[in-house]
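Raw coords_3.pdb, PDB, C-alpha atoms, pLDDT in the B column:
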ATOM      1  CA  MET A 300      79.015  73.485 111.382  1.00 46.00           C
ATOM      2  CA  SER A 301      79.475  76.760 113.156  1.00 51.00           C
ATOM      3  CA  LYS A 302      76.670  78.170 115.283  1.00 49.00           C
ATOM      4  CA  ARG A 303      77.459  81.787 114.481  1.00 52.00           C
ATOM      5  CA  GLY A 304      77.299  81.796 110.681  1.00 53.00           C
ATOM      6  CA  ARG A 305      78.987  84.181 108.253  1.00 59.00           C
ATOM      7  CA  GLY A 306      76.951  87.359 108.706  1.00 65.00           C
ATOM      8  CA  GLY A 307      75.293  88.258 105.405  1.00 64.00           C
ATOM      9  CA  ALA A 308      76.951  85.435 103.471  1.00 68.00           C
ATOM     10  CA  ALA A 309      74.727  82.960 101.685  1.00 69.00           C
ATOM     11  CA  GLY A 310      75.854  79.430 100.827  1.00 69.00           C
ATOM     12  CA  ASN A 311      79.137  77.609 101.316  1.00 73.00           C
ATOM     13  CA  LYS A 312      82.597  78.738 100.296  1.00 71.00           C
ATOM     14  CA  LEU A 313      84.694  76.289  98.298  1.00 69.00           C
ATOM     15  CA  LYS A 314      88.331  75.724  99.145  1.00 75.00           C
ATOM     16  CA  MET A 315      90.668  77.882  97.064  1.00 76.00           C
ATOM     17  CA  THR A 316      94.209  79.247  96.944  1.00 80.00           C
ATOM     18  CA  LEU A 317      94.548  82.078  99.430  1.00 84.00           C
ATOM     19  CA  GLY A 318      96.427  84.986  97.918  1.00 81.00           C
ATOM     20  CA  LEU A 319      96.311  87.720 100.570  1.00 82.00           C
ATOM     21  CA  PRO A 320      98.540  86.843 103.546  1.00 84.00           C
ATOM     22  CA  VAL A 321      98.447  88.545 106.938  1.00 81.00           C
ATOM     23  CA  TYR A 322     101.624  87.891 108.868  1.00 67.00           C
ATOM     24  CA  VAL A 323     101.935  89.509 112.245  1.00 61.00           C
ATOM     25  CA  SER A 324     105.184  90.815 113.653  1.00 60.00           C
ATOM     26  CA  THR A 325     105.884  89.484 117.142  1.00 62.00           C
ATOM     27  CA  ILE A 326     108.920  89.634 119.385  1.00 64.00           C
ATOM     28  CA  SER A 327     109.730  86.637 121.541  1.00 59.00           C
ATOM     29  CA  PRO A 328     110.330  87.766 125.141  1.00 64.00           C
ATOM     30  CA  VAL A 329     112.770  84.909 125.738  1.00 63.00           C
ATOM     31  CA  PHE A 330     114.982  85.089 122.653  1.00 63.00           C
ATOM     32  CA  ASP A 331     114.399  88.704 121.480  1.00 63.00           C
ATOM     33  CA  ILE A 332     113.756  87.434 117.951  1.00 63.00           C
ATOM     34  CA  GLN A 333     111.381  89.261 115.647  1.00 60.00           C
ATOM     35  CA  THR A 334     109.320  87.210 113.203  1.00 57.00           C
ATOM     36  CA  GLN A 335     108.583  88.166 109.606  1.00 59.00           C
ATOM     37  CA  GLN A 336     106.124  91.001 109.078  1.00 61.00           C
ATOM     38  CA  LEU A 337     104.062  91.089 105.895  1.00 67.00           C
ATOM     39  CA  PHE A 338     100.727  92.819 105.573  1.00 75.00           C
ATOM     40  CA  THR A 339      98.590  93.097 102.483  1.00 85.00           C
ATOM     41  CA  PHE A 340      97.353  96.264 100.848  1.00 90.00           C
ATOM     42  CA  MET A 341      94.432  96.073  98.465  1.00 94.00           C
ATOM     43  CA  ASN A 342      92.502  98.603  96.433  1.00 96.00           C
ATOM     44  CA  CYS A 343      89.030  99.620  97.540  1.00 96.00           C
ATOM     45  CA  CYS A 344      86.792  99.199  94.490  1.00 96.00           C
ATOM     46  CA  ASP A 345      83.586 100.797  95.759  1.00 95.00           C
ATOM     47  CA  ASN A 346      82.478 104.422  95.907  1.00 94.00           C
ATOM     48  CA  SER A 347      82.655 104.754  99.704  1.00 94.00           C
ATOM     49  CA  GLY A 348      85.580 107.191  99.517  1.00 94.00           C
ATOM     50  CA  ALA A 349      88.384 104.814 100.490  1.00 96.00           C
ATOM     51  CA  ARG A 350      91.326 104.173  98.151  1.00 96.00           C
ATOM     52  CA  ASN A 351      93.610 101.627  99.830  1.00 94.00           C
ATOM     53  CA  LEU A 352      92.719  98.995 102.422  1.00 95.00           C
ATOM     54  CA  TYR A 353      95.255  97.439 104.770  1.00 93.00           C
ATOM     55  CA  ILE A 354      94.290  93.917 105.898  1.00 92.00           C
ATOM     56  CA  ILE A 355      94.965  93.299 109.577  1.00 90.00           C
ATOM     57  CA  SER A 356      93.079  90.029 110.157  1.00 89.00           C
ATOM     58  CA  VAL A 357      90.886  87.445 108.443  1.00 91.00           C
ATOM     59  CA  LYS A 358      87.476  86.515 109.834  1.00 91.00           C
ATOM     60  CA  ALA A 359      86.268  82.899 110.130  1.00 86.00           C
ATOM     61  CA  THR A 360      89.611  81.181 109.595  1.00 82.00           C
ATOM     62  CA  GLY A 361      90.296  77.826 111.155  1.00 81.00           C
ATOM     63  CA  ALA A 362      93.117  77.456 113.624  1.00 80.00           C
ATOM     64  CA  ARG A 363      96.154  75.252 113.092  1.00 86.00           C
ATOM     65  CA  LEU A 364      99.543  75.304 114.766  1.00 88.00           C
ATOM     66  CA  ASN A 365     101.984  77.629 112.939  1.00 80.00           C
ATOM     67  CA  ARG A 366      99.466  78.454 110.193  1.00 83.00           C
ATOM     68  CA  LEU A 367      99.432  82.127 109.325  1.00 82.00           C
ATOM     69  CA  PRO A 368      96.154  83.790 108.328  1.00 86.00           C
ATOM     70  CA  ALA A 369      95.453  84.484 104.662  1.00 90.00           C
ATOM     71  CA  ALA A 370      92.385  85.570 102.706  1.00 92.00           C
ATOM     72  CA  GLY A 371      90.967  84.720  99.300  1.00 93.00           C
ATOM     73  CA  VAL A 372      88.088  85.905  97.128  1.00 95.00           C
ATOM     74  CA  GLY A 373      84.863  85.989  99.137  1.00 94.00           C
ATOM     75  CA  ASP A 374      86.536  86.129 102.561  1.00 94.00           C
ATOM     76  CA  MET A 375      85.641  88.792 105.089  1.00 95.00           C
ATOM     77  CA  VAL A 376      88.657  90.592 106.522  1.00 94.00           C
ATOM     78  CA  MET A 377      89.199  93.324 109.075  1.00 94.00           C
ATOM     79  CA  ALA A 378      90.890  96.278 107.405  1.00 95.00           C
ATOM     80  CA  THR A 379      91.831  99.900 107.891  1.00 94.00           C
ATOM     81  CA  VAL A 380      91.757 102.647 105.281  1.00 95.00           C
ATOM     82  CA  LYS A 381      95.217 103.992 104.467  1.00 92.00           C
ATOM     83  CA  LYS A 382      94.222 106.458 101.733  1.00 94.00           C
ATOM     84  CA  GLY A 383      90.807 108.019 101.411  1.00 94.00           C
ATOM     85  CA  LYS A 384      88.338 110.271 103.195  1.00 96.00           C
ATOM     86  CA  PRO A 385      89.464 111.402 106.652  1.00 95.00           C
ATOM     87  CA  GLU A 386      86.279 110.117 108.313  1.00 95.00           C
ATOM     88  CA  LEU A 387      87.066 106.568 107.097  1.00 94.00           C
ATOM     89  CA  ARG A 388      90.724 106.555 108.142  1.00 94.00           C
ATOM     90  CA  LYS A 389      92.129 105.264 111.452  1.00 91.00           C
ATOM     91  CA  LYS A 390      89.182 102.924 112.055  1.00 94.00           C
ATOM     92  CA  VAL A 391      88.996  99.146 111.855  1.00 95.00           C
ATOM     93  CA  MET A 392      86.141  98.008 109.622  1.00 96.00           C
ATOM     94  CA  PRO A 393      85.103  94.793 107.879  1.00 97.00           C
ATOM     95  CA  ALA A 394      85.713  94.359 104.164  1.00 97.00           C
ATOM     96  CA  VAL A 395      85.145  91.561 101.642  1.00 97.00           C
ATOM     97  CA  VAL A 396      87.815  90.536  99.132  1.00 96.00           C
ATOM     98  CA  VAL A 397      86.382  90.578  95.584  1.00 96.00           C
ATOM     99  CA  ARG A 398      89.584  90.203  93.486  1.00 96.00           C
ATOM    100  CA  GLN A 399      92.985  88.613  94.019  1.00 94.00           C
ATOM    101  CA  SER A 400      96.032  88.588  91.781  1.00 94.00           C
ATOM    102  CA  LYS A 401      97.246  85.117  92.800  1.00 93.00           C
ATOM    103  CA  PRO A 402      95.851  82.410  90.466  1.00 95.00           C
ATOM    104  CA  TRP A 403      93.419  79.882  91.905  1.00 93.00           C
ATOM    105  CA  LYS A 404      91.756  76.834  90.420  1.00 94.00           C
ATOM    106  CA  ARG A 405      87.998  76.546  90.182  1.00 92.00           C
ATOM    107  CA  PRO A 406      86.241  73.170  90.474  1.00 92.00           C
ATOM    108  CA  ASP A 407      85.656  73.099  86.690  1.00 93.00           C
ATOM    109  CA  GLY A 408      89.441  73.174  86.112  1.00 94.00           C
ATOM    110  CA  VAL A 409      89.823  76.819  85.066  1.00 95.00           C
ATOM    111  CA  PHE A 410      92.624  78.882  86.586  1.00 95.00           C
ATOM    112  CA  LEU A 411      91.630  82.484  87.207  1.00 94.00           C
ATOM    113  CA  TYR A 412      93.405  85.591  88.466  1.00 95.00           C
ATOM    114  CA  PHE A 413      92.791  89.317  88.391  1.00 96.00           C
ATOM    115  CA  GLU A 414      95.007  92.290  87.681  1.00 96.00           C
ATOM    116  CA  ASP A 415      94.962  93.534  91.294  1.00 94.00           C
ATOM    117  CA  ASN A 416      93.857  92.736  94.821  1.00 95.00           C
ATOM    118  CA  ALA A 417      90.637  94.573  95.649  1.00 96.00           C
ATOM    119  CA  GLY A 418      87.884  94.618  98.230  1.00 97.00           C
ATOM    120  CA  VAL A 419      84.771  96.503  99.296  1.00 97.00           C
ATOM    121  CA  ILE A 420      83.913  97.936 102.703  1.00 97.00           C
ATOM    122  CA  VAL A 421      80.883  96.307 104.326  1.00 96.00           C
ATOM    123  CA  ASN A 422      79.213  96.284 107.721  1.00 95.00           C
ATOM    124  CA  ALA A 423      78.994  93.237 109.992  1.00 90.00           C
ATOM    125  CA  LYS A 424      75.888  91.967 108.142  1.00 90.00           C
ATOM    126  CA  GLY A 425      77.543  92.145 104.718  1.00 89.00           C
ATOM    127  CA  GLU A 426      75.768  95.274 103.470  1.00 94.00           C
ATOM    128  CA  MET A 427      78.032  97.534 101.430  1.00 95.00           C
ATOM    129  CA  LYS A 428      78.997 101.007 102.607  1.00 95.00           C
ATOM    130  CA  GLY A 429      79.168 102.239  99.008  1.00 94.00           C
ATOM    131  CA  SER A 430      76.555 101.821  96.306  1.00 94.00           C
ATOM    132  CA  ALA A 431      78.607 100.718  93.267  1.00 96.00           C
ATOM    133  CA  ILE A 432      81.606  98.511  92.490  1.00 96.00           C
ATOM    134  CA  THR A 433      84.167  99.367  89.829  1.00 95.00           C
ATOM    135  CA  GLY A 434      85.726  96.515  87.886  1.00 95.00           C
ATOM    136  CA  PRO A 435      84.943  92.802  87.861  1.00 96.00           C
ATOM    137  CA  VAL A 436      83.991  90.735  90.911  1.00 96.00           C
ATOM    138  CA  GLY A 437      84.914  87.097  91.464  1.00 95.00           C
ATOM    139  CA  LYS A 438      82.055  84.621  91.208  1.00 94.00           C
ATOM    140  CA  GLU A 439      83.010  83.191  94.604  1.00 93.00           C
ATOM    141  CA  ALA A 440      82.385  86.549  96.289  1.00 94.00           C
ATOM    142  CA  ALA A 441      79.167  87.172  94.349  1.00 94.00           C
ATOM    143  CA  GLU A 442      77.706  83.795  95.358  1.00 94.00           C
ATOM    144  CA  LEU A 443      78.527  84.299  99.037  1.00 94.00           C
ATOM    145  CA  TRP A 444      77.516  87.953  99.365  1.00 94.00           C
ATOM    146  CA  PRO A 445      74.247  88.779  97.523  1.00 93.00           C
ATOM    147  CA  ARG A 446      74.500  92.516  98.281  1.00 93.00           C
ATOM    148  CA  ILE A 447      77.871  92.635  96.539  1.00 94.00           C
ATOM    149  CA  ALA A 448      76.512  90.711  93.545  1.00 94.00           C
ATOM    150  CA  SER A 449      73.630  93.158  93.118  1.00 94.00           C
ATOM    151  CA  ASN A 450      75.967  96.196  93.132  1.00 93.00           C
ATOM    152  CA  SER A 451      78.615  94.759  90.807  1.00 92.00           C
ATOM    153  CA  GLY A 452      78.732  95.380  87.083  1.00 91.00           C
ATOM    154  CA  VAL A 453      80.690  92.316  85.919  1.00 94.00           C
ATOM    155  CA  VAL A 454      80.856  88.946  87.696  1.00 95.00           C
ATOM    156  CA  MET A 455      83.626  86.630  86.482  1.00 92.00           C
TER     157      MET A 455
END

So that I can check it, write out the structure of this file as structure tokens.
Amino acid sequence: MSKRGRGGAAGNKLKMTLGLPVYVSTISPVFDIQTQQLFTFMNCCDNSGARNLYIISVKATGARLNRLPAAGVGDMVMATVKKGKPELRKKVMPAVVVRQSKPWKRPDGVFLYFEDNAGVIVNAKGEMKGSAITGPVGKEAAELWPRIASNSGVVM
């Protein structure tokens, strides 16, 4: 059990298929070889003024040799705003993933996926920057983040 906790998250997160990869581009100084670069864009589904979020890292991921970071529904990520209000752009801020388009299996046997990848901007404690969420929210995110659950219209 970690001493630091998950900020404003309540409860435990179940293991699920991670659908939002964050691969970092690095150049080896010895061989001059560049690794694969793949970053994930997701829609911002709150009314904070941001349109697109660009995931740059995933918070609270375990380390394993050669494992690349990826996020799923309910995970906190560090993101930047690519389209939106100028005061939100060019800053690194935490966000929580609320929808993913890659199917995942719930413990009751149901496979679920959404139409798009989407997240909401939060602060370090898990409090939302906006006041409303458009579209459905995954149950996994709503159980972990009570502030997100209270601002969402539909929880699936």

Problem set entry | Two-atom distance - atom CA of Leu411 of chain A, atom CA of Gly429 of chain A (Å) |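 Pair atom CA of Leu411 of chain A / atom CA of Gly429 of chain A returns 26.2 Å.
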
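For the residues A:Gly425, A:Gly418, A:Gly452, A:Pro445, ranking by smallest atom-to-atom distance to Gln399 of chain A using only C-alpha atoms places A:Gly418 first.
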
Using the chain letters and numbers from the file, which residues does the PyMOL selection byres ((chain A and resi 348) around 9) grab, as a list in words?
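Against this file, the PyMOL selection byres ((chain A and resi 348) around 9) returns the residues Cys343, Asp345, Asn346, Ser347, Ala349, Arg350, Lys382, Gly383, Lys384, Leu387 and Gly429 of chain A.
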
Could you check the closest approach to Ala378 of chain A for each of A:Arg398, A:Gly437, A:Phe338, A:Leu364 and tell me which residue wins, using only C-alpha atoms?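 Of the candidates, the smallest distance to Ala378 of chain A is held by A:Phe338.
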
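When only C-alpha atoms are used to compute distances to Arg446 of chain A, the closest of the residues A:Thr379, A:Asn311, A:Ser430, A:Thr360 turns out to be A:Ser430.
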
**Message:** Which polymer residues, whether protein, DNA or RNA, lie within 8 Å of the coordinate (86.4, 97.8, 108.4) when you count all atoms listed in the file? List them as a count of residues only, using the chain letters and numbers from the file.
**Reply:** 13

* Asked: Just how far from atom CA of Asn365 of chain A is atom CA of Leu319 of chain A, in Å to one decimal?
  ->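 Atom-to-atom, atom CA of Leu319 of chain A to atom CA of Asn365 of chain A, that is 16.9 Å.
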
In Å to one decimal, how far is atom CA of Val454 of chain A from atom CA of Trp403 of chain A?
->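 The value is 16.1 Å.
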
For Thr339 of chain A, the nearest of the candidates A:Ala362, A:Ala417, A:Met375, A:Val436, counting only C-alpha atoms: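 Of all the options, A:Ala417 lies closest to Thr339 of chain A.
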
Item to complete: Go ahead and find all residues with at least one atom no further than 12 Å from (99.3, 80.1, 111.7) in the file's coordinates, using only C-alpha atoms; report them as a PyMOL selection string.
Response: chain A and resi 320-323+356-357+360-369

### Task
Give me the residues within 6 Å of segment 439-442 of chain A as a list in words, counting only C-alpha atoms and dropping any in the same chain fewer than 6 places off.
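Surrounding residues, per the criterion: Val372, Gly373, Val397 and Ala448 of chain A.
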
In terms of all atoms listed in the file, the residue from A:Ser400, A:Ser451, A:Thr433, A:Asn351 at minimal distance from Gly318 of chain A is A:Ser400

Provide an axis-aligned box for all listed atoms of segment 354-371 of chain A, padding each side by 6 Å; report its centre and its edge lengths in Å to one decimal, as lines of an AutoDock Vina configuration file.
center_x = 94.1
center_y = 84.6
center_z = 107.0
size_x = 27.7
size_y = 30.7
size_z = 27.5

Using only C-alpha atoms: which of A:Ile447, A:Ile354, A:Arg405, A:Asn342 has the shortest distance to Glu426 of chain A:
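Using only C-alpha atoms, Glu426 of chain A sits closest to A:Ile447.
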